[in-house]
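So this block is start-v8.txt, compact mmCIF, C-alpha atoms:
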```
# COMPACT_ATOMS: atom_id res chain seq x y z
CA MET A 1 5.62 -10.82 -22.67
CA ASP A 2 9.10 -12.27 -22.70
CA ARG A 3 10.89 -13.85 -19.78
CA ALA A 4 13.31 -10.95 -19.29
CA THR A 5 10.48 -8.40 -18.99
CA LEU A 6 8.64 -10.69 -16.57
CA SER A 7 11.69 -11.07 -14.38
CA GLU A 8 12.35 -7.31 -14.57
CA LEU A 9 8.75 -6.60 -13.52
CA GLN A 10 9.11 -8.96 -10.56
CA THR A 11 12.34 -7.27 -9.44
CA GLN A 12 10.99 -3.75 -9.85
CA MET A 13 7.75 -4.64 -8.07
CA GLU A 14 9.72 -6.01 -5.10
CA ARG A 15 11.75 -2.80 -4.97
CA LEU A 16 8.58 -0.73 -5.14
CA ALA A 17 7.05 -2.74 -2.30
CA ASP A 18 10.17 -2.05 -0.25
CA GLY A 19 9.68 1.69 -0.81
CA ASP A 20 12.17 2.32 -3.60
CA ARG A 21 10.50 5.15 -5.53
CA SER A 22 12.91 4.84 -8.44
CA ALA A 23 11.15 1.58 -9.39
CA PHE A 24 7.85 3.40 -9.88
CA HIS A 25 8.35 4.49 -13.48
CA PRO A 26 9.63 1.15 -14.81
CA VAL A 27 6.68 -0.68 -13.22
CA PHE A 28 4.27 1.86 -14.69
CA ALA A 29 5.86 1.57 -18.15
CA VAL A 30 5.48 -2.23 -18.15
CA LEU A 31 2.06 -2.51 -16.50
CA TRP A 32 0.05 0.21 -18.24
CA PRO A 33 0.12 -1.15 -21.83
CA LEU A 34 -0.20 -4.68 -20.53
CA LEU A 35 -3.32 -3.96 -18.47
CA ARG A 36 -4.85 -1.98 -21.33
CA ARG A 37 -4.42 -4.94 -23.67
CA PHE A 38 -5.74 -7.37 -21.06
CA ALA A 39 -8.84 -5.27 -20.41
CA ALA A 40 -9.44 -4.72 -24.16
CA ARG A 41 -9.60 -8.49 -24.62
CA HIS A 42 -12.62 -8.64 -22.30
CA LEU A 43 -14.37 -5.29 -22.77
CA GLY A 44 -15.11 -2.60 -25.35
CA PRO A 45 -12.38 0.00 -26.04
CA GLU A 46 -13.76 2.80 -23.84
CA GLU A 47 -14.63 0.57 -20.91
CA ALA A 48 -11.31 -1.22 -21.26
CA GLU A 49 -9.41 2.06 -20.91
CA ASP A 50 -11.38 3.03 -17.78
CA VAL A 51 -11.02 -0.37 -16.17
CA ALA A 52 -7.30 -0.54 -16.94
CA GLN A 53 -6.82 2.88 -15.34
CA GLU A 54 -8.75 1.93 -12.22
CA ALA A 55 -6.86 -1.35 -11.94
CA LEU A 56 -3.51 0.40 -12.36
CA VAL A 57 -4.31 2.93 -9.63
CA LYS A 58 -5.42 0.10 -7.32
CA ILE A 59 -2.25 -1.87 -8.04
CA PHE A 60 -0.11 1.12 -7.07
CA PHE A 61 -2.27 1.79 -4.02
CA ARG A 62 -1.56 -1.74 -2.82
CA ALA A 63 2.02 -1.95 -4.10
CA GLY A 64 3.40 -1.43 -0.59
CA GLU A 65 1.67 -4.62 0.53
CA PHE A 66 2.92 -6.71 -2.39
CA ASP A 67 4.32 -10.01 -1.13
CA PRO A 68 7.63 -10.70 -2.94
CA SER A 69 6.96 -14.45 -2.81
CA ARG A 70 4.03 -13.92 -5.20
CA ASN A 71 4.21 -13.56 -8.96
CA ALA A 72 3.94 -9.83 -9.76
CA LEU A 73 2.26 -10.35 -13.13
CA ALA A 74 -0.36 -12.76 -11.79
CA TRP A 75 -1.02 -10.38 -8.90
CA ALA A 76 -1.53 -7.38 -11.21
CA LEU A 77 -3.71 -9.34 -13.65
CA GLY A 78 -5.77 -10.69 -10.73
CA ILE A 79 -6.59 -7.15 -9.61
CA THR A 80 -7.48 -6.18 -13.20
CA ALA A 81 -9.66 -9.26 -13.65
CA PHE A 82 -11.51 -8.34 -10.48
CA GLU A 83 -12.09 -4.83 -11.84
CA ILE A 84 -13.45 -6.27 -15.09
CA LYS A 85 -15.77 -8.53 -13.15
CA THR A 86 -16.95 -5.60 -11.02
CA LEU A 87 -17.70 -3.52 -14.12
CA ARG A 88 -19.66 -6.37 -15.70
CA ARG A 89 -21.68 -6.86 -12.53
CA ARG A 90 -22.37 -3.11 -12.37
CA ARG A 91 -23.41 -3.09 -16.04
CA LEU A 92 -25.77 -6.01 -15.51
CA ARG A 93 -27.32 -4.30 -12.51
CA ARG A 94 -27.73 -1.07 -14.51
CA ARG A 95 -29.46 -3.00 -17.30
CA GLU A 96 -31.83 -4.64 -14.82
CA ASP A 97 -32.62 -1.23 -13.31
CA ALA A 98 -33.24 0.19 -16.78
CA VAL A 99 -35.69 -2.62 -17.55
CA ARG A 100 -37.49 -1.97 -14.27
CA GLU A 101 -37.47 1.77 -14.89
CA GLY A 102 -38.73 1.16 -18.44
CA SER A 103 -41.78 -0.81 -17.32
CA PHE A 104 -42.77 1.85 -14.80
CA GLY A 105 -41.98 4.51 -17.39
CA ARG A 106 -44.41 2.92 -19.82
CA LEU A 107 -47.10 2.96 -17.14
CA ARG A 108 -46.37 6.62 -16.45
CA ASP A 109 -46.40 7.41 -20.19
CA GLY A 110 -49.76 5.66 -20.53
CA ALA A 111 -51.20 7.95 -17.87
CA GLN A 112 -49.92 11.25 -19.14
CA THR A 113 -53.27 13.06 -19.21
CA PRO A 114 -55.88 12.95 -16.40
CA GLU A 115 -58.36 11.25 -18.78
CA MET A 116 -55.89 8.54 -19.71
CA GLU A 117 -54.94 8.07 -16.09
CA ALA A 118 -58.62 7.66 -15.14
CA MET A 119 -59.13 5.17 -17.97
CA THR A 120 -56.09 3.17 -16.95
CA ASN A 121 -57.29 3.09 -13.35
CA ASP A 122 -60.78 1.99 -14.46
CA THR A 123 -59.39 -0.76 -16.65
CA GLU A 124 -57.15 -1.98 -13.88
CA ARG A 125 -60.04 -1.97 -11.40
CA MET A 126 -62.28 -3.92 -13.80
CA LEU A 127 -59.51 -6.39 -14.49
CA GLN A 128 -59.03 -6.95 -10.78
CA GLU A 129 -62.79 -7.47 -10.38
CA ALA A 130 -62.85 -9.91 -13.28
CA LEU A 131 -59.90 -11.80 -11.81
CA GLY A 132 -61.67 -11.85 -8.46
CA ALA A 133 -64.70 -13.46 -10.11
CA LEU A 134 -62.56 -16.26 -11.54
CA ARG A 135 -61.68 -19.45 -9.69
CA PRO A 136 -58.57 -18.87 -7.54
CA GLU A 137 -56.59 -21.39 -9.63
CA ASP A 138 -57.41 -19.52 -12.86
CA ALA A 139 -56.58 -16.13 -11.33
CA GLU A 140 -53.26 -17.50 -10.06
CA THR A 141 -52.47 -19.01 -13.48
CA LEU A 142 -53.09 -15.66 -15.17
CA ARG A 143 -51.01 -13.76 -12.59
CA LEU A 144 -48.10 -16.17 -13.12
CA TYR A 145 -48.49 -15.84 -16.89
CA ALA A 146 -48.48 -12.03 -16.64
CA ARG A 147 -45.29 -12.12 -14.57
CA GLY A 148 -43.68 -14.48 -17.08
CA GLU A 149 -43.39 -17.25 -14.50
CA ARG A 150 -44.35 -20.89 -14.76
CA PRO A 151 -45.18 -23.31 -11.92
CA SER A 152 -43.52 -26.72 -11.81
CA LEU A 153 -45.67 -28.06 -14.63
CA ALA A 154 -45.01 -29.19 -18.17
CA ALA A 155 -45.00 -26.20 -20.56
CA ALA A 156 -47.89 -27.64 -22.60
CA THR A 157 -50.04 -28.20 -19.49
CA PHE A 158 -49.43 -24.63 -18.32
CA ARG A 159 -50.22 -23.26 -21.79
CA LYS A 160 -53.52 -25.19 -21.78
CA ARG A 161 -54.40 -23.83 -18.34
CA VAL A 162 -53.61 -20.27 -19.47
CA GLU A 163 -55.86 -20.68 -22.53
CA ARG A 164 -58.72 -21.95 -20.39
CA ALA A 165 -58.25 -19.20 -17.80
CA LEU A 166 -58.21 -16.54 -20.55
CA THR A 167 -61.43 -17.93 -22.04
CA ARG A 168 -63.09 -17.74 -18.63
CA LEU A 169 -61.72 -14.24 -18.06
CA ARG A 170 -63.17 -13.07 -21.40
CA SER A 171 -66.51 -14.58 -20.47
CA VAL A 172 -66.52 -12.83 -17.06
CA TRP A 173 -65.34 -9.57 -18.68
CA ARG A 174 -68.24 -9.68 -21.13
CA THR A 175 -70.82 -10.15 -18.41
CA THR A 176 -69.41 -7.47 -16.07
CA ASP A 177 -68.46 -4.84 -18.64
CA GLY A 178 -71.11 -5.62 -21.25
CA ARG A 179 -68.58 -5.41 -24.06
CA PRO A 180 -68.20 -8.11 -26.74
CA MET B 1 4.75 10.62 -22.71
CA ALA B 2 1.24 11.73 -23.77
CA ASP B 3 -0.71 14.03 -21.46
CA PRO B 4 -3.37 11.50 -20.42
CA ASP B 5 -0.60 9.06 -19.55
CA ARG B 6 1.17 11.76 -17.54
CA LEU B 7 -2.06 12.45 -15.63
CA LEU B 8 -2.48 8.75 -14.98
CA LEU B 9 1.14 8.53 -13.86
CA GLU B 10 0.54 11.31 -11.34
CA ARG B 11 -2.65 9.64 -10.15
CA ALA B 12 -0.87 6.33 -9.75
CA ARG B 13 1.99 8.01 -7.87
CA ARG B 14 -0.47 9.66 -5.47
CA ALA B 15 -2.25 6.33 -4.99
CA TYR B 16 1.08 4.66 -4.23
CA GLU B 17 2.02 7.23 -1.60
CA MET B 18 -1.47 7.18 -0.06
CA GLY B 19 -1.46 3.39 0.07
CA ARG B 20 1.91 3.36 1.81
CA LEU B 21 0.85 6.08 4.22
CA GLY B 22 -2.37 4.23 5.12
CA ALA B 23 -0.48 0.99 5.72
CA ALA B 24 2.17 2.81 7.79
CA LEU B 25 -0.45 4.50 9.96
CA ARG B 26 -2.31 1.22 10.49
CA TRP B 27 0.97 -0.39 11.50
CA SER B 28 1.99 2.37 13.91
CA LEU B 29 -1.44 2.41 15.55
CA LEU B 30 -0.55 -1.00 17.00
CA LEU B 31 1.75 0.89 19.38
CA LEU B 32 -1.15 2.78 20.93
CA PRO B 33 -1.94 0.16 23.63
CA ALA B 34 1.65 0.36 24.97
CA VAL B 35 1.56 4.16 24.95
CA GLY B 36 -1.89 4.03 26.56
CA ILE B 37 -0.67 1.80 29.41
CA ALA B 38 2.26 4.17 30.04
CA LEU B 39 -0.17 7.10 30.11
CA VAL B 40 -2.48 5.35 32.58
CA CYS B 41 0.46 4.61 34.92
CA CYS B 42 2.04 8.05 34.99
CA HIS B 43 1.16 11.00 37.20
CA ASN B 44 2.36 13.65 34.75
CA PRO B 45 1.00 12.58 31.35
CA GLY B 46 2.32 15.56 29.31
CA PRO B 47 5.89 14.35 28.56
CA THR B 48 4.78 10.71 28.17
CA LEU B 49 2.08 11.80 25.73
CA ILE B 50 4.58 13.80 23.70
CA SER B 51 7.12 10.96 23.53
CA GLY B 52 4.32 8.43 22.78
CA ALA B 53 3.04 10.58 19.91
CA GLY B 54 6.63 11.00 18.74
CA LEU B 55 7.12 7.24 18.73
CA VAL B 56 3.93 6.61 16.74
CA LEU B 57 4.81 9.31 14.19
CA LEU B 58 8.42 8.18 13.89
CA VAL B 59 7.40 4.58 13.26
CA ALA B 60 4.73 5.72 10.78
CA PHE B 61 7.29 7.83 8.92
CA CYS B 62 9.82 4.99 8.75
CA GLN B 63 7.19 2.52 7.54
CA TRP B 64 5.96 4.97 4.90
CA ARG B 65 9.47 5.87 3.71
CA GLY B 66 10.46 2.19 3.47
CA GLN B 67 13.83 0.72 2.52
CA GLY B 68 16.52 1.33 5.19
CA TYR B 69 14.18 3.32 7.39
CA ARG B 70 11.76 0.42 7.58
CA ARG B 71 14.48 -2.13 8.27
CA GLY B 72 15.36 -0.33 11.49
CA VAL B 73 11.81 -0.35 12.89
CA GLY B 74 11.64 -3.98 14.07
CA PRO B 75 14.96 -4.11 15.97
CA GLY B 76 14.36 -0.63 17.38
CA LEU B 77 10.95 -1.53 18.74
CA VAL B 78 12.09 -4.86 20.21
CA ALA B 79 15.00 -3.14 21.95
CA GLY B 80 12.89 -0.15 23.03
CA PHE B 81 10.06 -2.21 24.48
CA VAL B 82 12.31 -3.50 27.29
CA PRO B 83 12.90 -0.07 28.89
CA LEU B 84 9.30 0.86 27.99
CA LEU B 85 7.70 -2.02 29.84
CA LEU B 86 10.03 -2.53 32.84
CA PRO B 87 9.22 0.81 34.54
CA ILE B 88 5.51 0.19 33.96
CA LEU B 89 5.79 -3.24 35.57
CA ALA B 90 7.77 -1.75 38.49
CA GLN B 91 5.06 0.87 38.93
CA ALA B 92 2.41 -1.88 38.87
CA THR B 93 4.03 -3.59 41.90
CA GLY B 94 2.73 -0.69 43.97
CA HIS B 95 6.12 0.25 45.44
CA VAL B 96 6.08 3.69 47.06
CA CYS B 97 9.33 5.58 47.65
CA ALA B 98 9.53 6.24 51.38
CA SER B 99 12.31 8.75 51.05
CA GLY B 100 13.87 10.92 48.37
CA GLY B 101 16.87 8.59 48.35
CA CYS B 102 14.98 5.59 46.89
CA LEU B 103 16.86 4.32 43.87
CA LEU B 104 14.45 1.59 42.74
CA PHE B 105 12.88 3.41 39.80
CA PRO B 106 16.10 4.89 38.34
CA THR B 107 17.67 1.43 38.69
CA VAL B 108 14.74 -0.12 36.82
CA CYS B 109 15.22 2.44 34.02
CA GLY B 110 18.96 1.74 33.96
CA VAL B 111 18.48 -2.03 33.83
CA GLY B 112 15.80 -1.63 31.15
CA GLY B 113 18.14 0.58 29.14
CA LEU B 114 21.01 -1.90 29.56
CA LEU B 115 18.91 -4.88 28.44
CA GLY B 116 17.46 -2.83 25.58
CA GLY B 117 20.97 -1.77 24.58
CA ILE B 118 22.19 -5.38 24.48
CA THR B 119 19.13 -6.32 22.39
CA LEU B 120 19.80 -3.38 20.11
CA GLY B 121 23.44 -4.39 19.75
CA VAL B 122 22.41 -7.92 18.75
CA LEU B 123 19.48 -7.05 16.45
CA ALA B 124 20.34 -3.68 14.89
CA PRO B 125 21.43 -3.86 11.25
CA ARG B 126 25.17 -3.27 11.00
CA PRO B 127 26.12 0.06 9.45
CA ARG B 128 28.15 -0.88 6.39
CA ASP B 129 29.14 0.70 3.09
CA GLY B 130 28.23 4.08 4.50
CA ARG B 131 24.59 2.99 4.86
CA ALA B 132 23.86 3.81 8.46
CA ILE B 133 20.14 4.59 8.08
CA PRO B 134 18.74 1.25 9.40
CA PHE B 135 21.13 1.37 12.35
CA VAL B 136 20.38 5.03 13.18
CA THR B 137 16.63 4.41 12.81
CA ALA B 138 16.80 1.39 15.13
CA CYS B 139 18.71 3.39 17.77
CA LEU B 140 16.34 6.34 17.49
CA ILE B 141 13.22 4.19 17.79
CA ALA B 142 14.69 2.25 20.72
CA GLY B 143 15.49 5.53 22.49
CA VAL B 144 12.07 7.10 21.89
CA ALA B 145 10.23 3.87 22.83
CA GLY B 146 12.28 3.60 26.02
CA SER B 147 11.58 7.23 26.88
CA VAL B 148 7.81 6.52 26.83
CA GLY B 149 8.30 4.19 29.81
CA CYS B 150 11.14 5.93 31.61
CA LEU B 151 9.64 9.41 31.52
CA LEU B 152 7.31 8.04 34.21
CA TYR B 153 10.25 8.86 36.52
CA GLY B 154 11.11 12.16 34.92
CA LEU B 155 14.32 13.31 33.30
CA VAL B 156 16.44 11.23 35.72
CA GLY B 157 14.73 8.07 34.48
CA LEU B 158 15.26 9.16 30.87
CA GLY B 159 18.93 9.98 31.41
CA VAL B 160 19.65 6.69 33.18
CA MET B 161 17.83 4.74 30.47
CA ILE B 162 19.87 6.41 27.68
CA ALA B 163 23.09 5.73 29.59
CA GLY B 164 21.98 2.09 29.97
CA LEU B 165 21.19 1.81 26.24
CA LEU B 166 24.64 3.13 25.34
CA ALA B 167 26.36 0.93 27.90
CA GLY B 168 24.51 -2.16 26.67
CA ALA B 169 24.78 -1.57 22.93
CA THR B 170 28.38 -0.37 22.62
CA PRO B 171 30.26 -3.54 23.68
CA VAL B 172 27.93 -5.82 21.72
CA LEU B 173 28.31 -3.69 18.58
CA ALA B 174 32.06 -3.57 19.07
CA ALA B 175 32.14 -7.36 19.42
CA ARG B 176 30.05 -7.76 16.26
CA ARG B 177 32.35 -5.42 14.37
CA ALA B 178 35.48 -7.28 15.45
```

Could you write out this structure as structure tokens?
Amino acid sequence: MDRATLSELQTQMERLADGDRSAFHPVFAVLWPLLRRFAARHLGPEEAEDVAQEALVKIFFRAGEFDPSRNALAWALGITAFEIKTLRRRRLRRREDAVREGSFGRLRDGAQTPEMEAMTNDTERMLQEALGALRPEDAETLRLYARGERPSLAAATFRKRVERALTRLRSVWRTTDGRP
Amino acid sequence: MADPDRLLLERARRAYEMGRLGAALRWSLLLLPAVGIALVCCHNPGPTLISGAGLVLLVAFCQWRGQGYRRGVGPGLVAGFVPLLLPILAQATGHVCASGGCLLFPTVCGVGGLLGGITLGVLAPRPRDGRAIPFVTACLIAGVAGSVGCLLYGLVGLGVMIAGLLAGATPVLAARRA
């Protein structure tokens, strides 16, 4: 953006803040392509279009409060950047929800029929019993391992503990369930 | 301009007007305490309520419309608050008119109007190049704000206050013009 356009945007934005409606169209004509390009640099084409639109509407909503001592371009880009950040945060949250939904979904899928549900419940009950028969340290190690967590130990030490706990679990499982 | 852009333009225009309106209403709501005090003090709240609502709406309109209209709001309110508050303060002293000939309250309105008029004459934007809107807005707001206080004493109070405003503002404006 050249200096003349920047200075024109500043002037028109000040007029718009003062309530001069004739400055509306020039500000729109400068800001819309600019915000679209700015958003496209950070997001995919469809998301960029949506975010640029939302940002533009917000900029005009707050245009009456624009402080003429501020730089109009920096102000407009700041609002757009905030919109981009908000969309990213929302997308991340949606992804986390989908992962959570997916894990429960798999559980639900695994228990589609009454027989499968009963089997799943039985297996879970037996597993809980087997874990209960283990030493508390081993049971805790396996729970942490299942959750993908690791206590404040060296990775190799934790791996060794998991191996030992699994060996003990298999041994308990064999004796309680009678399976090899 | 393509259709989607036209739709966006309309949406942006609506957002602009809504944003201005919201800000104007928030601004004009700051006048509510003054109107509320006047309402608490008066025995006949109807006219005071009408002029108070008129003041809030007038200020909201001027703030929303912007430009010259907005430039008249500040001076108008400063000038109008003198005749708005003086009668309320006089009422708060607890003075009771012993006879129908008591002139305290009309005098208070007159003095308030006179002081407000001088303030208006000093602060009001000068009407120049045929642009009288800020000046007219300032005078209108000063008059309506003053009426909120002076209507406590009925139409006599209002009339005396307007006469005071004119008497105070005219010489100052004439001196500024000279």

Determine, using only C-alpha atoms, which residues of chain A have any atom at most 8 Å from an atom of chain B, and tabulate each with its shortest atom pair and distance in Å to one decimal place, rows ordered by chain and then rising number, as JSON lines.
```
{"residue": "A:Asp18", "atom": "CA", "partner": "B:Gln67", "partner_atom": "CA", "distance": 5.4}
{"residue": "A:Gly19", "atom": "CA", "partner": "B:Gly66", "partner_atom": "CA", "distance": 4.4}
{"residue": "A:Asp20", "atom": "CA", "partner": "B:Gln67", "partner_atom": "CA", "distance": 6.5}
{"residue": "A:Phe24", "atom": "CA", "partner": "B:Arg13", "partner_atom": "CA", "distance": 7.7}
{"residue": "A:Phe28", "atom": "CA", "partner": "B:Leu9", "partner_atom": "CA", "distance": 7.4}
{"residue": "A:Gln53", "atom": "CA", "partner": "B:Leu8", "partner_atom": "CA", "distance": 7.3}
{"residue": "A:Leu56", "atom": "CA", "partner": "B:Ala12", "partner_atom": "CA", "distance": 7.0}
{"residue": "A:Val57", "atom": "CA", "partner": "B:Ala12", "partner_atom": "CA", "distance": 4.8}
{"residue": "A:Lys58", "atom": "CA", "partner": "B:Ala15", "partner_atom": "CA", "distance": 7.4}
{"residue": "A:Phe60", "atom": "CA", "partner": "B:Tyr16", "partner_atom": "CA", "distance": 4.7}
{"residue": "A:Phe61", "atom": "CA", "partner": "B:Tyr16", "partner_atom": "CA", "distance": 4.4}
{"residue": "A:Arg62", "atom": "CA", "partner": "B:Gly19", "partner_atom": "CA", "distance": 5.9}
{"residue": "A:Ala63", "atom": "CA", "partner": "B:Tyr16", "partner_atom": "CA", "distance": 6.7}
{"residue": "A:Gly64", "atom": "CA", "partner": "B:Arg20", "partner_atom": "CA", "distance": 5.6}
{"residue": "A:Glu65", "atom": "CA", "partner": "B:Ala23", "partner_atom": "CA", "distance": 7.9}
```

Spatial neighbours of segment 25-39 of chain B, max dist 6 Å, all atoms listed in the file, sep filter under 3 positions, as number ranges by chain:
B: 22, 42, 45, 52, 56, 59-60

For Leu134 of chain A, which residue among A:Leu16, A:Leu169, A:Ala118, A:Ala146 is the nearest when counting all atoms listed in the file?
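Ranked by minimum distance to Leu134 of chain A, first place goes to A:Leu169.
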
Within 9 Å of Pro26 of chain A using only C-alpha atoms, minus same-chain residues under 4 positions, as a count of residues only:
6

Return the single residue from B:Ala163, B:Cys62, B:Ala124, B:Ala92 that is closest to Arg176 of chain B, with distances computed using all atoms listed in the file.
B:Ala124

Counting only C-alpha atoms, which of A:Arg88, A:Arg15, A:Arg150, A:Arg143 gets nearest to Ala165 of chain A?
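Closest to Ala165 of chain A, using only C-alpha atoms: A:Arg143.
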
Between atom CA of Leu151 of chain B and atom CA of Leu123 of chain B, measure the distance and give it in Å to one decimal.
24.4 Å

All residues 10 Å or closer to Gly78 of chain A, all atoms listed in the file, same chain fewer than 6 positions away omitted, as a ChimeraX atom specification
/A:55,59,72,84

If you count only C-alpha atoms, which residues fall within 8 Å of segment 106-120 of chain B, apart from same-chain ones fewer than 5 positions away, as an MDAnalysis selection string?
chainID B and resid 75:76 78:84 86:87 90 138:139 142 146 150 153 156:158 160:170 172

Separation of atom CA of Ala23 of chain A and atom CA of Thr11 of chain A, in Å?
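The value is 8.9 Å.
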
Just want the 10 Å neighbourhood of Ala81 of chain A, counted on only C-alpha atoms, with same-chain residues fewer than 2 positions away dropped. Output as a PyMOL selection string.
chain A and resi 35+38-39+42+51-52+55+75-79+83-87

Could you state the separation of atom CA of Ser51 of chain B and atom CA of Arg126 of chain B in Å, given to one decimal place?
26.2 Å
